[in-house]
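Data block for structure-v4.cif (mmCIF, C-alpha atoms):
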data_my_file
#
loop_
_atom_site.label_atom_id
_atom_site.label_comp_id
_atom_site.auth_asym_id
_atom_site.auth_seq_id
_atom_site.Cartn_x
_atom_site.Cartn_y
_atom_site.Cartn_z
CA MET A 247 -8.24 -12.07 3.96
CA ASN A 248 -5.76 -14.79 4.95
CA GLU A 249 -3.50 -13.55 7.75
CA ASN A 250 -1.28 -16.63 7.50
CA LEU A 251 1.97 -16.37 5.53
CA ASP A 252 3.26 -19.85 6.33
CA ASN A 253 5.52 -21.24 3.59
CA LYS A 254 5.74 -17.83 1.92
CA VAL A 255 9.09 -16.22 1.10
CA ALA A 256 9.36 -12.46 1.54
CA VAL A 257 12.38 -10.52 0.28
CA ILE A 258 12.86 -7.12 1.94
CA THR A 259 15.50 -4.53 1.07
CA GLY A 260 16.74 -1.89 3.48
CA ALA A 261 15.79 -4.46 6.10
CA SER A 262 18.22 -3.70 8.91
CA HIS A 263 16.47 -0.59 10.25
CA GLY A 264 13.42 1.64 10.01
CA LEU A 265 10.46 0.54 7.95
CA GLY A 266 12.29 -2.44 6.45
CA ARG A 267 12.97 -3.83 9.90
CA ALA A 268 9.35 -3.27 10.98
CA VAL A 269 8.03 -5.01 7.87
CA ALA A 270 10.37 -7.96 8.35
CA LEU A 271 9.22 -8.39 11.96
CA LYS A 272 5.56 -8.24 10.94
CA LEU A 273 5.80 -10.68 8.03
CA ALA A 274 7.98 -13.10 9.97
CA ALA A 275 5.47 -13.05 12.82
CA LEU A 276 2.79 -14.03 10.29
CA GLY A 277 4.85 -17.06 9.31
CA ALA A 278 6.83 -15.91 6.27
CA HIS A 279 10.48 -16.79 5.79
CA VAL A 280 12.03 -13.36 5.44
CA VAL A 281 15.08 -12.70 3.28
CA LEU A 282 16.73 -9.59 4.67
CA ILE A 283 18.85 -7.46 2.32
CA ALA A 284 20.90 -4.46 3.39
CA ARG A 285 24.30 -2.92 2.75
CA ARG A 286 25.59 -2.79 6.32
CA GLU A 287 26.64 -6.22 7.53
CA ALA A 288 26.71 -5.75 11.30
CA PRO A 289 23.15 -4.46 11.94
CA LEU A 290 21.78 -6.83 9.30
CA TYR A 291 23.26 -9.95 10.88
CA GLN A 292 22.36 -8.78 14.39
CA PHE A 293 18.72 -8.35 13.37
CA ALA A 294 18.69 -11.71 11.62
CA GLU A 295 19.96 -13.37 14.78
CA GLU A 296 17.20 -11.70 16.81
CA LEU A 297 14.58 -13.19 14.50
CA ARG A 298 16.29 -16.57 14.47
CA SER A 299 16.43 -16.64 18.26
CA ALA A 300 12.67 -15.95 18.32
CA GLY A 301 12.09 -19.03 16.17
CA MET A 302 11.41 -17.14 12.94
CA GLY A 303 12.62 -18.15 9.50
CA VAL A 304 15.26 -15.75 8.22
CA THR A 305 18.05 -15.45 5.67
CA ALA A 306 20.36 -12.42 5.62
CA LEU A 307 22.24 -11.28 2.52
CA THR A 308 24.38 -8.15 2.20
CA CYS A 309 23.94 -6.31 -1.07
CA ASP A 310 24.15 -2.82 -2.51
CA VAL A 311 21.05 -2.76 -4.71
CA SER A 312 22.57 -0.06 -6.92
CA ASP A 313 25.25 -2.55 -8.06
CA ALA A 314 23.71 -4.64 -10.84
CA GLY A 315 26.37 -7.35 -10.57
CA ARG A 316 25.85 -7.79 -6.84
CA VAL A 317 22.08 -7.83 -7.30
CA LYS A 318 22.37 -10.63 -9.86
CA ALA A 319 24.59 -12.62 -7.50
CA THR A 320 22.21 -12.05 -4.58
CA ALA A 321 19.20 -13.06 -6.66
CA ALA A 322 21.01 -16.22 -7.72
CA LYS A 323 21.52 -17.13 -4.05
CA ILE A 324 17.84 -16.55 -3.30
CA GLN A 325 16.81 -18.66 -6.28
CA ALA A 326 19.14 -21.45 -5.15
CA PHE A 327 17.60 -21.41 -1.65
CA PHE A 328 13.90 -21.11 -2.54
CA PRO A 329 11.70 -22.41 -5.37
CA SER A 330 9.81 -19.11 -5.59
CA VAL A 331 9.54 -15.63 -4.11
CA ASP A 332 6.05 -14.66 -2.95
CA ILE A 333 6.61 -11.13 -1.66
CA LEU A 334 9.16 -8.48 -2.64
CA ILE A 335 9.35 -5.27 -0.61
CA ASN A 336 11.54 -2.72 -2.40
CA ASN A 337 12.21 -0.48 0.58
CA ALA A 338 15.89 0.51 0.32
CA GLY A 339 16.39 4.23 -0.19
CA ILE A 340 18.85 7.02 0.52
CA PRO A 341 18.37 10.78 0.90
CA ALA A 342 19.96 13.46 -1.25
CA PRO A 343 20.97 17.12 -1.02
CA ARG A 344 17.82 19.24 -0.87
CA GLU A 345 18.89 22.01 -3.22
CA PHE A 346 19.55 21.87 -6.96
CA GLU A 347 22.85 23.73 -6.76
CA GLU A 348 24.07 21.48 -3.94
CA THR A 349 23.50 18.32 -5.95
CA GLY A 350 26.63 16.98 -7.61
CA PHE A 351 26.84 14.39 -10.36
CA ASP A 352 27.89 11.74 -7.83
CA ASP A 353 24.90 12.59 -5.62
CA TRP A 354 22.59 12.13 -8.57
CA ASP A 355 24.10 8.79 -9.59
CA GLN A 356 24.02 7.39 -6.05
CA VAL A 357 20.41 8.34 -5.32
CA ILE A 358 19.03 7.26 -8.68
CA GLY A 359 21.09 4.09 -8.38
CA VAL A 360 19.60 3.02 -5.05
CA ASN A 361 16.11 4.51 -5.13
CA LEU A 362 15.18 3.71 -8.73
CA SER A 363 17.68 1.48 -10.53
CA GLY A 364 17.95 -0.76 -7.47
CA VAL A 365 14.22 -1.45 -7.57
CA PHE A 366 14.40 -2.40 -11.24
CA TYR A 367 17.53 -4.51 -10.79
CA LEU A 368 16.19 -6.67 -7.98
CA THR A 369 12.66 -7.01 -9.33
CA ARG A 370 13.98 -7.96 -12.76
CA ALA A 371 16.56 -10.38 -11.31
CA LEU A 372 13.85 -12.13 -9.25
CA TRP A 373 11.18 -12.01 -11.97
CA ASP A 374 11.24 -15.71 -12.77
CA SER A 375 10.97 -16.51 -9.05
CA LEU A 376 8.02 -14.14 -8.70
CA LYS A 377 6.31 -15.70 -11.71
CA SER A 378 6.76 -19.24 -10.41
CA GLY A 379 4.57 -18.66 -7.36
CA GLU A 380 0.79 -18.77 -7.30
CA SER A 381 0.26 -15.06 -6.66
CA ALA A 382 3.27 -12.87 -5.91
CA TYR A 383 3.15 -9.33 -4.58
CA VAL A 384 5.65 -6.51 -5.19
CA ILE A 385 5.46 -3.43 -2.98
CA ASN A 386 7.54 -0.38 -3.87
CA ILE A 387 8.14 2.17 -1.12
CA SER A 388 8.17 5.71 -2.46
CA GLY A 389 7.31 8.80 -0.41
CA THR A 390 5.25 11.92 -0.76
CA ALA A 391 8.13 13.40 -2.79
CA GLY A 392 6.99 10.99 -5.48
CA LEU A 393 3.77 12.99 -5.76
CA ARG A 394 4.73 16.57 -5.09
CA GLY A 395 8.44 16.64 -5.88
CA GLY A 396 10.42 19.15 -3.90
CA GLY A 397 13.72 20.96 -3.96
CA SER A 398 15.87 17.85 -4.22
CA PRO A 399 16.27 17.00 -7.90
CA ALA A 400 17.80 13.56 -7.32
CA TYR A 401 15.40 12.36 -4.62
CA GLY A 402 12.25 13.73 -6.26
CA SER A 403 13.23 12.36 -9.66
CA SER A 404 13.98 8.93 -8.22
CA LYS A 405 10.56 8.76 -6.58
CA PHE A 406 8.67 10.10 -9.59
CA GLY A 407 10.48 7.50 -11.69
CA LEU A 408 9.47 4.79 -9.25
CA THR A 409 5.81 5.53 -9.99
CA GLY A 410 6.36 4.75 -13.66
CA LEU A 411 8.35 1.65 -12.82
CA ASN A 412 5.62 0.39 -10.48
CA TYR A 413 3.04 0.56 -13.24
CA ALA A 414 5.38 -1.20 -15.65
CA ILE A 415 5.81 -4.01 -13.11
CA ALA A 416 2.04 -4.23 -12.64
CA GLN A 417 1.47 -4.32 -16.39
CA ALA A 418 4.04 -7.07 -16.92
CA GLY A 419 2.89 -9.01 -13.90
CA LYS A 420 -0.84 -9.25 -14.47
CA ALA A 421 -0.50 -12.25 -16.79
CA HIS A 422 1.38 -14.07 -14.04
CA ASN A 423 -0.82 -13.07 -11.06
CA ILE A 424 1.87 -10.68 -9.83
CA ARG A 425 0.43 -7.63 -8.10
CA SER A 426 2.37 -4.41 -7.65
CA THR A 427 1.60 -1.52 -5.31
CA ILE A 428 3.41 1.75 -4.75
CA LEU A 429 3.16 3.34 -1.31
CA TYR A 430 3.71 7.04 -0.67
CA PRO A 431 4.39 7.35 3.08
CA GLY A 432 4.65 10.80 4.62
CA GLY A 433 6.68 11.46 7.76
CA MET A 434 7.76 8.30 9.59
CA ASP A 435 9.58 8.03 12.90
CA THR A 436 12.65 6.26 11.50
CA GLY A 437 15.43 8.76 12.13
CA TRP A 438 15.40 9.85 8.48
CA ARG A 439 17.99 12.60 7.88
CA GLY A 440 19.10 12.32 11.50
CA ALA A 441 15.77 13.28 13.06
CA PRO A 442 15.45 12.12 16.70
CA ILE A 443 13.35 9.00 17.09
CA GLY A 444 10.41 8.92 19.49
CA VAL A 445 10.17 12.68 20.01
CA ALA A 446 7.44 13.86 17.62
CA PRO A 447 3.86 12.93 18.55
CA ARG A 448 2.29 10.13 16.53
CA SER A 449 -0.11 12.59 14.90
CA GLU A 450 2.93 14.23 13.27
CA SER A 451 5.23 11.27 12.60
CA MET A 452 3.94 7.79 11.82
CA ASP A 453 5.12 4.71 13.68
CA PRO A 454 6.82 2.41 11.14
CA ASP A 455 5.14 -0.53 12.86
CA VAL A 456 1.76 0.85 11.83
CA VAL A 457 2.90 1.32 8.23
CA ALA A 458 4.17 -2.27 8.37
CA ASP A 459 0.67 -3.34 9.42
CA MET A 460 -0.66 -1.69 6.26
CA ILE A 461 1.85 -3.59 4.15
CA ALA A 462 0.92 -6.85 5.86
CA HIS A 463 -2.74 -6.10 5.12
CA LEU A 464 -1.91 -5.67 1.43
CA VAL A 465 0.13 -8.85 1.03
CA THR A 466 -2.52 -10.93 2.80
CA SER A 467 -5.42 -9.48 0.81
CA PRO A 468 -7.38 -11.58 -1.73
CA PRO A 469 -5.45 -12.04 -5.00
CA GLU A 470 -8.44 -10.98 -7.13
CA PHE A 471 -7.69 -7.26 -6.75
CA VAL A 472 -4.76 -4.93 -6.29
CA VAL A 473 -4.31 -1.58 -4.57
CA ASN A 474 -2.40 0.29 -7.25
CA GLU A 475 -1.17 3.08 -4.99
CA ALA A 476 -1.74 4.44 -1.50
CA VAL A 477 -0.78 7.67 0.25
CA LEU A 478 -0.12 7.43 3.99
CA ASN A 479 0.23 10.59 6.06
CA PRO A 480 0.29 11.44 9.76
CA LEU A 481 -3.09 12.58 11.04
CA ASP A 482 -2.03 16.21 11.38
CA PHE A 483 -0.96 16.34 7.73
CA PRO A 484 -3.86 14.74 5.83
CA PHE A 485 -3.30 16.56 2.55
CA MET A 486 -0.45 16.76 0.10
#
This entry written out as structure tokens:
Amino acid sequence: MNENLDNKVAVITGASHGLGRAVALKLAALGAHVVLIARREAPLYQFAEELRSAGMGVTALTCDVSDAGRVKATAAKIQAFFPSVDILINNAGIPAPREFEETGFDDWDQVIGVNLSGVFYLTRALWDSLKSGESAYVINISGTAGLRGGGSPAYGSSKFGLTGLNYAIAQAGKAHNIRSTILYPGGMDTGWRGAPIGVAPRSESMDPDVVADMIAHLVTSPPEFVVNEAVLNPLDFPFM
């Protein structure tokens, strides 16, 4: 395994907080130039400046991944800056109402737009850049709802759909040495749905930095094999 990501370009969505931020820090520390994508300008640019001040290579671009036009424009900027994209972390995601009868049509469109369509839009828009590298890696962040569903029709459907999309990306990418992995993380200490950060013990809520270590392990693994999917759960919740 080569732990050096020098001269690699890593695009990360949902990069201003939570897991996206942790992954960006990890990959930048390994030498990658990280392209941070998020909707909220202020925290995105503040984080980018932190990395820049630490001597890390970073580009920050605001984009709503559910907007196909904005995704195309953002991808065009990335392609103008860099000859290829080596790593794409599709991490951006939003929650949804938990109950079927609480879910409106707008809720459905917004969640499917970000959690599923956004992954397709950006991966498709960057496809030529992924193909032009020696061995690109796409990682799609799902969640255990992508395996067991749940009461939320929009969220569960978006994550189940992401499983199918991941395999389509892997199928299309194998001829171009593009690997694709889907991760199903359980509870993470990211403040998801307003949960307090740093309160639950680590055996009940995973540190996003540790999940980021797993992602770094994947993208630095030998290109001869791929981990198709992986379920990550806190120690106290080892089963689905």
Point to revise | atom CA of A:Val465 to atom CA of A:Leu271, distance in Å rounded to a single decimal | key: 14.2 Å
Practice item. List every protein, DNA or RNA residue that has an atom no more than 9 Å from (25.6, 1.4, -1.3) in the file's coordinate frame, counting all atoms listed in the file, and report them as a ChimeraX atom specification. Key: /A:284-286,309-313,340,356,359-360
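Put simply, atom CA of A:Val269 is 27.0 Å away from atom CA of A:Ser398.
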Check your understanding: Quick one, how far is atom CA of A:Ala414 from atom CA of A:Thr349?
Key ->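 Computed distance, atom CA of A:Ala414 to atom CA of A:Thr349, equals 28.3 Å.
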**Study point:** Of the listed residues A:Asn474, A:Ser467, A:Asn412, A:Asn479, that which approaches A:Asp453 most closely, counting all atoms listed in the file
**Key:**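 Closest residue, counting all atoms listed in the file: A:Asn479.
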Practice item. Would you please work out which residue, of A:Ala268, A:Ala400, A:Val317, A:Leu251, is nearest to A:Trp354 when using all atoms listed in the file? Key: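 Closest candidate: A:Ala400.
Residues matching the PyMOL selection byres ((chain A and resi 371) around 10) in this structure come to Ala314, Val317, Lys318, Ala319, Thr320, Ala321, Ala322, Gln325, Val365, Phe366, Tyr367, Leu368, Thr369, Arg370, Leu372, Trp373, Asp374, Ser375 and Leu376 of chain A.
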Exercise for review: For the file shown, report as a VMD selection string the outcome of the PyMOL selection byres ((chain A and resi 254) around 8) at residue level.
Suggested key: chain A and resid 251 to 253 255 to 256 277 to 279 331 to 333
Practice item. Apply the PyMOL selection byres ((chain A and resi 257) around 7) to the structure shown and report the selected residues as number ranges by chain. Key: A: 255-256, 258-259, 280-282, 333-335
Point to revise | Near-A:Gln292 list (12 Å; all atoms listed in the file; drop same-chain fewer than 2 positions) as a VMD selection string | key: chain A and resid 261 to 263 267 282 284 286 to 290 294 to 299 304 to 306
